[in-house]
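Source file: work.txt; contents: compact mmCIF, C-alpha atoms.
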```
# COMPACT_ATOMS: atom_id res chain seq x y z
CA MET A 1099 0.00 0.00 0.00
CA SER A 1100 0.94 3.64 -0.36
CA ILE A 1101 -0.62 6.97 0.56
CA SER A 1102 -1.18 10.46 -0.82
CA VAL A 1103 0.09 13.48 1.10
CA GLY A 1104 -0.47 17.22 0.93
CA MET A 1105 2.05 19.64 2.42
CA VAL A 1106 0.52 22.81 3.86
CA GLY A 1107 2.87 25.74 4.47
CA LEU A 1108 5.92 26.54 2.35
CA GLY A 1109 7.55 29.21 4.50
CA MET A 1110 10.94 28.99 6.21
CA PHE A 1111 10.65 25.38 7.47
CA GLY A 1112 8.19 23.43 5.33
CA PRO A 1113 10.30 23.10 2.17
CA ALA A 1114 12.97 21.20 4.12
CA PHE A 1115 10.63 18.19 4.16
CA ILE A 1116 9.41 18.15 0.56
CA GLN A 1117 12.14 15.92 -0.86
CA SER A 1118 11.81 13.39 1.97
CA TYR A 1119 8.08 12.97 1.34
CA LYS A 1120 8.58 12.93 -2.43
CA SER A 1121 11.19 10.19 -2.22
CA HIS A 1122 9.44 8.02 0.38
CA PRO A 1123 8.56 4.70 -1.29
CA ASP A 1124 5.14 4.60 0.39
CA VAL A 1125 4.03 8.02 -0.90
CA HIS A 1126 2.62 7.75 -4.43
CA ARG A 1127 1.25 11.27 -4.70
CA LEU A 1128 2.41 14.58 -3.23
CA ALA A 1129 0.67 17.96 -3.36
CA LEU A 1130 1.69 21.42 -2.15
CA CYS A 1131 -0.41 24.13 -0.52
CA ASP A 1132 0.34 27.74 0.37
CA LEU A 1133 -1.49 31.07 0.36
CA ARG A 1134 1.31 32.67 -1.65
CA GLU A 1135 1.33 31.86 -5.35
CA ASP A 1136 5.02 32.70 -5.70
CA ARG A 1137 5.94 30.02 -3.17
CA LEU A 1138 3.72 27.44 -4.83
CA THR A 1139 5.22 28.17 -8.22
CA LYS A 1140 8.78 28.10 -6.90
CA TYR A 1141 8.60 24.78 -5.05
CA ALA A 1142 6.30 23.04 -7.51
CA LYS A 1143 8.86 23.74 -10.21
CA GLN A 1144 11.88 22.92 -8.03
CA PHE A 1145 10.52 19.53 -6.91
CA GLU A 1146 8.52 18.75 -10.08
CA ILE A 1147 5.13 18.59 -8.35
CA SER A 1148 2.06 19.30 -10.46
CA GLU A 1149 -0.71 19.26 -7.84
CA THR A 1150 -1.07 22.51 -5.88
CA TYR A 1151 -3.69 24.22 -3.72
CA SER A 1152 -4.00 27.86 -2.69
CA SER A 1153 -5.77 27.41 0.67
CA LEU A 1154 -6.36 24.97 3.49
CA ASP A 1155 -10.05 24.90 2.59
CA ASP A 1156 -9.22 23.78 -0.95
CA ILE A 1157 -6.83 21.02 0.04
CA CYS A 1158 -9.25 19.76 2.71
CA ARG A 1159 -11.80 19.22 -0.08
CA SER A 1160 -9.34 17.05 -2.03
CA ASP A 1161 -9.15 13.26 -1.87
CA LEU A 1162 -5.66 13.25 -0.36
CA ASP A 1163 -5.15 10.82 2.53
CA ALA A 1164 -3.06 13.00 4.83
CA LEU A 1165 -1.89 16.56 5.39
CA VAL A 1166 1.46 17.76 6.72
CA ILE A 1167 0.83 21.17 8.33
CA ILE A 1168 3.91 23.35 8.83
CA THR A 1169 2.44 26.80 9.35
CA GLN A 1170 2.59 29.46 12.08
CA HIS A 1171 2.56 27.75 15.46
CA TRP A 1172 -0.63 29.42 16.69
CA MET A 1173 -2.47 27.92 13.70
CA HIS A 1174 -1.45 24.30 14.26
CA ALA A 1175 -4.34 23.13 16.44
CA PRO A 1176 -7.19 24.91 14.60
CA GLN A 1177 -5.88 23.78 11.23
CA ALA A 1178 -5.32 20.22 12.43
CA ILE A 1179 -8.87 20.10 13.75
CA GLN A 1180 -10.27 21.40 10.45
CA ALA A 1181 -8.25 18.84 8.50
CA MET A 1182 -9.27 15.90 10.68
CA GLU A 1183 -12.92 16.91 10.51
CA SER A 1184 -12.59 16.84 6.71
CA GLY A 1185 -11.39 13.23 6.88
CA LYS A 1186 -7.64 13.78 6.66
CA HIS A 1187 -4.92 12.23 8.77
CA VAL A 1188 -2.73 15.03 10.13
CA TYR A 1189 0.83 15.86 11.04
CA THR A 1190 1.68 19.29 12.44
CA ALA A 1191 4.92 20.96 13.35
CA VAL A 1192 5.47 21.90 17.00
CA PRO A 1193 3.97 22.91 19.26
CA ALA A 1194 0.74 20.93 18.95
CA ALA A 1195 -1.33 23.67 20.59
CA ALA A 1196 -1.13 27.27 21.79
CA SER A 1197 -3.24 26.93 24.96
CA LEU A 1198 -4.70 24.40 27.37
CA ASP A 1199 -8.09 24.82 25.69
CA GLU A 1200 -6.54 23.89 22.34
CA CYS A 1201 -4.97 20.81 23.94
CA GLU A 1202 -8.43 19.75 25.06
CA ALA A 1203 -9.99 20.41 21.66
CA LEU A 1204 -7.23 18.57 19.83
CA VAL A 1205 -7.49 15.44 21.98
CA ARG A 1206 -11.28 15.41 21.68
CA THR A 1207 -11.11 15.75 17.89
CA VAL A 1208 -8.68 12.86 17.50
CA ALA A 1209 -10.82 10.67 19.76
CA ARG A 1210 -14.06 11.62 17.99
CA THR A 1211 -12.91 11.41 14.37
CA GLY A 1212 -10.60 8.43 14.69
CA MET A 1213 -8.09 10.13 12.39
CA ILE A 1214 -4.37 9.66 12.89
CA TYR A 1215 -2.58 12.68 14.38
CA MET A 1216 1.16 13.07 14.79
CA ASN A 1217 3.19 15.96 16.16
CA GLY A 1218 6.59 16.60 14.63
CA GLU A 1219 8.76 16.95 17.70
CA THR A 1220 12.29 16.64 16.38
CA SER A 1221 13.81 15.96 19.81
CA TYR A 1222 12.04 12.60 19.99
CA PHE A 1223 14.14 11.30 17.10
CA ARG A 1224 17.47 12.85 18.02
CA PRO A 1225 20.21 10.25 18.58
CA GLU A 1226 20.75 11.15 22.24
CA THR A 1227 17.04 10.71 23.01
CA ALA A 1228 17.00 7.32 21.31
CA PHE A 1229 20.14 6.36 23.24
CA CYS A 1230 18.57 7.30 26.57
CA ARG A 1231 15.30 5.53 25.77
CA GLN A 1232 17.28 2.37 25.05
CA LYS A 1233 19.14 2.72 28.36
CA ALA A 1234 15.81 3.19 30.12
CA ALA A 1235 14.39 0.08 28.44
CA GLU A 1236 17.40 -1.87 29.70
CA GLY A 1237 16.78 -0.59 33.24
CA ALA A 1238 20.22 1.04 33.31
CA PHE A 1239 18.97 4.23 34.98
CA GLY A 1240 17.28 2.37 37.84
CA GLU A 1241 14.62 4.64 39.31
CA PHE A 1242 14.55 8.10 37.76
CA VAL A 1243 15.51 10.93 40.09
CA HIS A 1244 15.92 14.16 38.12
CA CYS A 1245 16.15 15.43 34.54
CA ARG A 1246 17.43 18.68 33.05
CA ALA A 1247 16.69 19.83 29.51
CA GLU A 1248 16.96 23.12 27.67
CA TYR A 1249 16.28 25.01 24.49
CA PHE A 1250 18.83 27.82 24.20
CA HIS A 1251 18.08 29.97 21.15
CA ASP A 1252 19.29 33.55 21.39
CA MET A 1253 17.22 36.15 19.57
CA ASP A 1254 20.32 37.18 17.59
CA HIS A 1255 20.33 33.74 15.95
CA GLY A 1256 17.61 34.48 13.43
CA LEU A 1257 14.59 34.73 15.72
CA TYR A 1258 13.82 38.36 14.91
CA ASP A 1259 13.39 37.46 11.24
CA VAL A 1260 11.41 34.33 12.11
CA ALA A 1261 8.89 36.39 14.08
CA LYS A 1262 8.53 38.99 11.34
CA ASN A 1263 8.11 36.36 8.62
CA ARG A 1264 5.47 34.52 10.62
CA TRP A 1265 3.30 37.62 10.88
CA GLY A 1266 3.94 38.93 7.37
CA ALA A 1267 1.88 42.02 6.57
CA GLN A 1268 0.36 41.96 10.08
CA TRP A 1269 3.75 42.55 11.69
CA GLY A 1270 4.08 45.44 14.13
CA ARG A 1271 5.49 46.36 17.53
CA ASP A 1272 2.46 44.79 19.17
CA LYS A 1273 3.58 41.38 17.84
CA MET A 1274 7.08 41.52 19.34
CA GLY A 1275 8.13 39.21 22.11
CA GLY A 1276 6.47 35.87 22.46
CA ILE A 1277 6.50 33.54 25.46
CA PRO A 1278 9.48 31.17 25.77
CA MET A 1279 7.52 28.55 27.73
CA TYR A 1280 4.86 28.46 25.01
CA TYR A 1281 7.48 26.78 22.79
CA PRO A 1282 8.95 24.22 25.21
CA THR A 1283 8.61 20.95 23.37
CA HIS A 1284 12.20 20.69 22.13
CA SER A 1285 13.11 20.54 25.84
CA THR A 1286 10.23 18.71 27.48
CA CYS A 1287 10.21 15.86 24.97
CA PHE A 1288 13.57 14.54 26.16
CA PRO A 1289 12.73 13.65 29.79
CA ILE A 1290 9.05 12.89 29.17
CA SER A 1291 9.74 10.41 26.36
CA VAL A 1292 12.68 8.79 28.16
CA MET A 1293 10.98 8.44 31.56
CA LYS A 1294 7.53 7.72 30.07
CA ALA A 1295 6.18 10.08 32.70
CA HIS A 1296 4.27 13.36 32.64
CA ALA A 1297 4.45 16.60 34.62
CA THR A 1298 1.90 17.10 37.40
CA SER A 1299 2.87 20.50 38.86
CA VAL A 1300 5.33 23.34 38.33
CA SER A 1301 6.97 26.32 39.99
CA ALA A 1302 8.62 28.69 37.51
CA GLN A 1303 10.53 31.95 37.36
CA GLY A 1304 11.31 34.41 34.59
CA TYR A 1305 14.25 36.63 33.71
CA ILE A 1306 13.73 40.22 32.52
CA TYR A 1307 16.52 41.59 30.33
CA PRO A 1308 17.34 45.21 31.28
CA ASN A 1309 15.57 47.77 29.07
CA ASP A 1310 14.28 45.02 26.77
CA ASP A 1311 12.49 46.48 23.75
CA TRP A 1312 11.36 43.07 22.44
CA PHE A 1313 9.88 41.22 25.41
CA ARG A 1314 7.40 43.73 26.81
CA THR A 1315 4.05 43.75 28.58
CA ASP A 1316 2.42 46.10 26.04
CA THR A 1317 2.35 43.48 23.25
CA ILE A 1318 -0.30 40.87 22.45
CA HIS A 1319 1.77 38.41 24.49
CA LYS A 1320 1.92 40.63 27.61
CA ASN A 1321 5.18 38.92 28.54
CA PRO A 1322 8.30 40.61 29.98
CA TYR A 1323 10.42 37.45 30.23
CA SER A 1324 13.09 36.57 27.68
CA ASN A 1325 14.09 33.49 29.68
CA GLU A 1326 11.95 31.14 31.76
CA VAL A 1327 12.90 28.26 34.05
CA GLY A 1328 10.48 25.69 35.42
CA LEU A 1329 10.90 23.03 38.10
CA PHE A 1330 8.33 20.30 37.55
CA THR A 1331 7.17 17.35 39.61
CA MET A 1332 6.52 14.19 37.60
CA ASN A 1333 3.99 11.45 38.12
CA ASN A 1334 6.80 8.92 38.66
CA GLY A 1335 8.20 10.87 41.63
CA ALA A 1336 11.13 12.44 39.75
CA THR A 1337 11.70 16.14 39.12
CA MET A 1338 12.32 17.90 35.81
CA GLN A 1339 14.01 21.25 35.18
CA ILE A 1340 13.28 22.99 31.88
CA CYS A 1341 15.13 26.10 30.66
CA GLU A 1342 13.74 28.15 27.77
CA PHE A 1343 16.26 30.93 27.05
CA ARG A 1344 15.99 33.52 24.26
CA ARG A 1345 18.70 35.85 25.54
CA VAL A 1346 21.81 33.83 26.30
CA GLY A 1347 25.49 33.95 25.35
CA HIS A 1348 25.52 30.49 23.82
CA PRO A 1349 25.76 29.01 20.31
CA GLY A 1350 22.41 27.31 20.86
CA SER A 1351 21.19 23.90 21.95
CA GLU A 1352 18.15 21.65 22.04
CA ARG A 1353 19.16 18.90 24.40
CA VAL A 1354 18.81 16.98 27.58
CA SER A 1355 21.72 18.12 29.71
CA GLY A 1356 21.19 15.47 32.36
CA ILE A 1357 19.04 12.44 33.20
CA TYR A 1358 19.81 10.98 36.61
CA GLY A 1359 18.72 7.67 38.06
CA THR A 1360 19.50 5.63 41.14
CA GLU A 1361 21.79 3.33 39.12
CA GLY A 1362 22.96 5.31 36.08
CA SER A 1363 23.04 8.79 34.58
CA TYR A 1364 23.47 10.56 31.26
CA GLU A 1365 24.95 14.02 30.79
CA GLN A 1366 25.42 16.15 27.69
CA SER A 1367 27.12 19.49 27.05
CA LEU A 1368 28.89 21.28 24.23
CA ALA A 1369 31.88 19.07 25.06
CA GLY A 1370 30.01 15.85 24.34
CA CYS A 1371 27.96 13.03 25.87
CA VAL A 1372 28.76 10.93 28.94
CA TRP A 1373 27.17 7.82 30.42
CA ALA A 1374 27.96 7.31 34.11
CA ASP A 1375 27.16 4.95 36.95
CA LYS A 1376 28.41 4.39 40.49
CA HIS A 1377 31.67 2.94 39.21
CA GLY A 1378 32.77 5.53 36.66
CA ARG A 1379 31.96 7.16 33.35
CA GLU A 1380 32.48 6.72 29.63
CA ILE A 1381 32.23 9.09 26.69
CA VAL A 1382 29.51 7.96 24.29
CA GLU A 1383 28.52 8.97 20.77
CA PRO A 1384 24.85 8.18 20.16
CA SER A 1385 24.35 7.03 16.58
CA ARG A 1386 22.30 9.08 14.12
CA SER A 1387 21.33 5.77 12.49
CA HIS A 1388 19.24 4.44 15.38
CA GLU A 1389 16.25 3.01 13.46
CA ASP A 1390 15.68 1.36 10.11
CA LEU A 1391 14.66 3.72 7.32
CA PRO A 1392 13.90 3.36 3.61
CA ASP A 1393 17.12 3.74 1.63
CA THR A 1394 15.91 6.96 0.01
CA LEU A 1395 15.55 8.59 3.44
CA ALA A 1396 18.57 7.01 5.11
CA ALA A 1397 20.81 8.69 2.54
CA ASP A 1398 19.86 12.13 3.90
CA LEU A 1399 18.62 12.30 7.50
CA GLY A 1400 18.06 16.05 7.38
CA GLY A 1401 18.27 18.67 10.11
CA HIS A 1402 17.66 18.90 13.86
CA GLY A 1403 20.18 16.21 14.71
CA GLY A 1404 19.22 14.03 11.77
CA SER A 1405 15.63 13.74 12.97
CA HIS A 1406 13.78 14.86 9.83
CA ALA A 1407 13.93 11.57 7.97
CA TYR A 1408 12.68 9.66 11.01
CA ILE A 1409 9.77 12.07 11.44
CA VAL A 1410 8.70 11.68 7.82
CA HIS A 1411 8.89 7.89 7.96
CA GLU A 1412 7.03 7.71 11.27
CA PHE A 1413 4.09 9.67 9.90
CA VAL A 1414 3.94 7.89 6.55
CA ASP A 1415 4.24 4.48 8.18
CA SER A 1416 1.60 5.33 10.80
CA VAL A 1417 -0.92 6.35 8.15
CA ASN A 1418 -0.04 3.50 5.81
CA ARG A 1419 -0.33 0.87 8.54
CA GLN A 1420 -3.13 2.66 10.42
CA ARG A 1421 -1.18 2.57 13.67
CA LEU A 1422 -0.74 5.07 16.50
CA PRO A 1423 2.32 7.31 15.99
CA ARG A 1424 4.75 7.47 18.87
CA VAL A 1425 4.30 11.25 19.14
CA ASN A 1426 0.53 10.96 19.10
CA VAL A 1427 -1.86 13.61 20.41
CA TRP A 1428 -1.80 12.29 23.99
CA GLU A 1429 1.99 12.42 24.00
CA ALA A 1430 2.12 15.78 22.22
CA VAL A 1431 -0.06 17.65 24.72
CA ARG A 1432 2.16 16.35 27.52
CA TYR A 1433 5.04 18.18 25.84
CA CYS A 1434 3.35 21.58 25.49
CA ALA A 1435 0.81 21.83 28.35
CA PRO A 1436 3.51 22.07 31.06
CA GLY A 1437 4.85 25.22 29.41
CA PHE A 1438 1.51 27.04 29.48
CA VAL A 1439 1.20 26.43 33.21
CA ALA A 1440 4.87 27.24 33.84
CA HIS A 1441 4.46 30.69 32.32
CA GLU A 1442 1.44 31.36 34.52
CA SER A 1443 3.50 30.28 37.53
CA ALA A 1444 6.30 32.67 36.55
CA LEU A 1445 3.80 35.53 36.33
CA ARG A 1446 2.69 34.56 39.86
CA ASP A 1447 6.25 34.67 41.21
CA GLY A 1448 6.75 30.92 41.29
CA GLU A 1449 3.41 29.78 42.68
CA LEU A 1450 3.14 25.99 42.55
CA LEU A 1451 0.41 25.17 40.02
CA PRO A 1452 -1.15 21.86 38.89
CA ILE A 1453 -0.78 20.69 35.29
CA PRO A 1454 -3.76 19.02 33.58
CA ASP A 1455 -3.34 15.72 31.78
CA TRP A 1456 -5.47 14.00 29.15
CA GLY A 1457 -4.41 10.46 29.92
CA ASP A 1458 -2.41 7.83 28.09
CA ALA A 1459 -2.96 6.98 24.46
CA PRO A 1460 -5.53 4.20 24.02
CA GLU A 1461 -4.09 0.73 23.60
CA THR A 1462 -4.41 -0.60 20.08
```

Let's see the structure in the file written out as structure tokens.
Amino acid sequence: MSISVGMVGLGMFGPAFIQSYKSHPDVHRLALCDLREDRLTKYAKQFEISETYSSLDDICRSDLDALVIITQHWMHAPQAIQAMESGKHVYTAVPAAASLDECEALVRTVARTGMIYMNGETSYFRPETAFCRQKAAEGAFGEFVHCRAEYFHDMDHGLYDVAKNRWGAQWGRDKMGGIPMYYPTHSTCFPISVMKAHATSVSAQGYIYPNDDWFRTDTIHKNPYSNEVGLFTMNNGATMQICEFRRVGHPGSERVSGIYGTEGSYEQSLAGCVWADKHGREIVEPSRSHEDLPDTLAADLGGHGGSHAYIVHEFVDSVNRQRLPRVNVWEAVRYCAPGFVAHESALRDGELLPIPDWGDAPET
């Protein structure tokens, strides 16, 4: 069997996935969709794709099996819901939702429609995450004690342009800023997927950069914090520290910096990766080739630590085999919901707040 796929959103990130979908042996038909005709023309010609659509409404009326939605992050949940209600299986880029209410609506839609939903969290398929999940499966960590993960992305590293491009003609000073903890999934995915646990409460704090003209309370985001740190309790008894920094003297990272257990631990820094236990330590190099892939994808794993090819194959294979993706909707909301509550805690000077949960994915 094979499937047909439509790609929605050809901005700064979407085109990076076109070739992988086009070359996947289980995709027999690929279409492109974007509001801008110049983008459609450019990428249709570049990748020799004849089927194009100029709106989400149009492509939802097509007979395509699945849609890959890589649009502005605040559109992910509403567009995914529209697509699933039109009978399409759906993949969206991260985050899955922009609020707790959207988490609720997304889970309900997947449960009601029976459509397959996958969230494209790159960190799940990074080699270090796969390495730690394997160690966890072996019992090498023992009981989990504490995890640290971070997403360091200084504004000077392209984020000003990203924000302006996302808003397009609607850009203005009122759109500046953003909320770091509303984009936490590159961090939270590491410990949550490795421990197979979810956050139950959080106390968080924020950092205000002196005289910041970007992160301000007079924008639509009403957020003064460029950096936010959350300390979370987990349902397995462990703790989790998440750092979302947008002003930091650092080349950038999306990583788990430490996972600690009663028997073994994993640490990662710019200097490399280390596995340790009570008897010593060893430098490790987690392999980028950690799962089987079709040859056409294995030849080019793509960006974000070589995760792109794995993401594409996971979605295609899930739809083709009608199975639950590993980053399904129940997993995806566990990555983003903690951030929404963490930001509220930071605004309340670290008040300990409960985090809602929508349960485990149904067994299939």

Quick one: residues within 12 Å of Gln1170 of chain A, only C-alpha atoms counted, chain neighbours fewer than 2 positions away excluded, as a PyMOL selection string? chain A and resi 1106-1112+1167-1168+1172-1177+1190-1196+1260-1266

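Note that the spacing between atom CA of Asp1458 of chain A and atom CA of Val1431 of chain A amounts to 10.6 Å.
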
Would you work out the distance separating atom CA of Asp1132 of chain A from atom CA of Thr1169 of chain A, expressed in Å to one decimal? 9.3 Å

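Taking only C-alpha atoms into account, Thr1360 of chain A lies nearest to A:Phe1239 out of the set A:Phe1115, A:Phe1223, A:Tyr1189, A:Phe1239.
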
Excluding Asn1334 of chain A and its own-chain neighbours fewer than 2 positions away, which residues fall within 8 Å of it when counting all atoms listed in the file? Please give them as an MDAnalysis selection string. chainID A and resid 1242 1295:1296 1332 1336

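You can rank A:Val1427, A:Ser1405, A:Glu1361, A:His1255 by their closest distance to Arg1206 of chain A using only C-alpha atoms, and at the top of that list sits A:Val1427.
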
Pairwise distance, atom CA of Ile1277 of chain A with atom CA of Ile1179 of chain A, equals 23.5 Å

Have a look at A:Gly1240, A:Gly1356, A:Gly1270, A:Gly1347 and name the one nearest to Lys1376 of chain A; count all atoms listed in the file. A:Gly1240

Which residue of A:Asp1163, A:Asp1398, A:Glu1149, A:Asp1155 approaches Ser1102 of chain A most closely, using only C-alpha atoms: A:Asp1163

If we count all atoms listed in the file and set the cut-off at 8 Å, which residues sit around Ser1152 of chain A, ignoring sequence neighbours fewer than 4 positions away in its own chain? Please answer as a compact mmCIF listing (two decimals) with C-alpha atoms, in the frame of the given file.
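Produced file out.txt, reproduced below:
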```txt
# COMPACT_ATOMS: atom_id res chain seq x y z
CA CYS A 1131 -0.41 24.13 -0.52
CA ASP A 1132 0.34 27.74 0.37
CA LEU A 1133 -1.49 31.07 0.36
CA ARG A 1134 1.31 32.67 -1.65
CA GLU A 1135 1.33 31.86 -5.35
CA ASP A 1156 -9.22 23.78 -0.95
CA ILE A 1157 -6.83 21.02 0.04
```

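The smallest atom-to-atom distance between Glu1449 of chain A and any of A:Pro1423, A:Gly1328, A:Pro1322, A:Pro1113, using all atoms listed in the file, is found for A:Gly1328.
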
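When all atoms listed in the file are used to compute distances to Pro1392 of chain A, the closest of the residues A:Tyr1215, A:Tyr1408, A:Tyr1307, A:Trp1456 turns out to be A:Tyr1408.
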
So which residues touch Arg1419 of chain A within 12 Å, counting only C-alpha atoms, skipping near sequence neighbours fewer than 2 positions away, as a PyMOL selection string? chain A and resi 1099-1101+1124+1214+1411-1417+1421-1423

If we count only C-alpha atoms and set the cut-off at 8 Å, which residues sit around Val1382 of chain A, ignoring sequence neighbours fewer than 2 positions away in its own chain? Please answer as a PyMOL selection string. chain A and resi 1370-1373+1380+1384

Incomplete segment 1130-1154 of chain A brought to N, CA and C atoms, written out as a tab-separated table (two decimals), keeping the file's coordinate frame:
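Output file rebuild-v4.tsv is given in full below:
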```tsv
chain	number	residue	atom	x	y	z
A	1130	LEU	N	1.21	20.28	-2.92
A	1130	LEU	CA	1.69	21.42	-2.15
A	1130	LEU	C	0.57	22.42	-1.96
A	1131	CYS	N	0.62	23.13	-0.82
A	1131	CYS	CA	-0.41	24.13	-0.52
A	1131	CYS	C	0.21	25.33	0.19
A	1132	ASP	N	-0.09	26.52	-0.29
A	1132	ASP	CA	0.34	27.74	0.37
A	1132	ASP	C	-0.54	28.89	-0.11
A	1133	LEU	N	-0.69	29.90	0.73
A	1133	LEU	CA	-1.49	31.07	0.36
A	1133	LEU	C	-0.79	31.91	-0.70
A	1134	ARG	N	0.54	31.84	-0.73
A	1134	ARG	CA	1.31	32.67	-1.65
A	1134	ARG	C	1.61	31.93	-2.95
A	1135	GLU	N	1.15	32.49	-4.05
A	1135	GLU	CA	1.33	31.86	-5.35
A	1135	GLU	C	2.79	31.75	-5.73
A	1136	ASP	N	3.61	32.75	-5.33
A	1136	ASP	CA	5.02	32.70	-5.70
A	1136	ASP	C	5.73	31.51	-5.06
A	1137	ARG	N	5.35	31.19	-3.83
A	1137	ARG	CA	5.94	30.02	-3.17
A	1137	ARG	C	5.49	28.73	-3.85
A	1138	LEU	N	4.22	28.64	-4.15
A	1138	LEU	CA	3.72	27.44	-4.83
A	1138	LEU	C	4.44	27.21	-6.15
A	1139	THR	N	4.56	28.27	-6.92
A	1139	THR	CA	5.22	28.17	-8.22
A	1139	THR	C	6.68	27.75	-8.07
A	1140	LYS	N	7.36	28.38	-7.12
A	1140	LYS	CA	8.78	28.10	-6.90
A	1140	LYS	C	9.03	26.63	-6.55
A	1141	TYR	N	8.32	26.13	-5.54
A	1141	TYR	CA	8.60	24.78	-5.05
A	1141	TYR	C	7.97	23.70	-5.92
A	1142	ALA	N	6.87	24.00	-6.57
A	1142	ALA	CA	6.30	23.04	-7.51
A	1142	ALA	C	7.26	22.79	-8.66
A	1143	LYS	N	7.89	23.86	-9.12
A	1143	LYS	CA	8.86	23.74	-10.21
A	1143	LYS	C	10.13	23.04	-9.72
A	1144	GLN	N	10.63	23.46	-8.55
A	1144	GLN	CA	11.88	22.92	-8.03
A	1144	GLN	C	11.80	21.41	-7.79
A	1145	PHE	N	10.66	20.95	-7.26
A	1145	PHE	CA	10.52	19.53	-6.91
A	1145	PHE	C	9.65	18.75	-7.90
A	1146	GLU	N	9.28	19.39	-9.01
A	1146	GLU	CA	8.52	18.75	-10.08
A	1146	GLU	C	7.22	18.14	-9.54
A	1147	ILE	N	6.42	18.99	-8.90
A	1147	ILE	CA	5.13	18.59	-8.35
A	1147	ILE	C	4.04	19.36	-9.08
A	1148	SER	N	3.08	18.65	-9.63
A	1148	SER	CA	2.06	19.30	-10.46
A	1148	SER	C	0.79	19.67	-9.71
A	1149	GLU	N	0.55	19.03	-8.57
A	1149	GLU	CA	-0.71	19.26	-7.84
A	1149	GLU	C	-0.51	20.31	-6.75
A	1150	THR	N	-1.21	21.43	-6.86
A	1150	THR	CA	-1.07	22.51	-5.88
A	1150	THR	C	-2.44	23.04	-5.46
A	1151	TYR	N	-2.47	23.63	-4.27
A	1151	TYR	CA	-3.69	24.22	-3.72
A	1151	TYR	C	-3.34	25.56	-3.09
A	1152	SER	N	-4.28	26.50	-3.16
A	1152	SER	CA	-4.00	27.86	-2.69
A	1152	SER	C	-4.59	28.16	-1.32
A	1153	SER	N	-5.22	27.18	-0.67
A	1153	SER	CA	-5.77	27.41	0.67
A	1153	SER	C	-5.99	26.09	1.38
A	1154	LEU	N	-6.07	26.16	2.70
A	1154	LEU	CA	-6.36	24.97	3.49
A	1154	LEU	C	-7.75	24.44	3.16
```
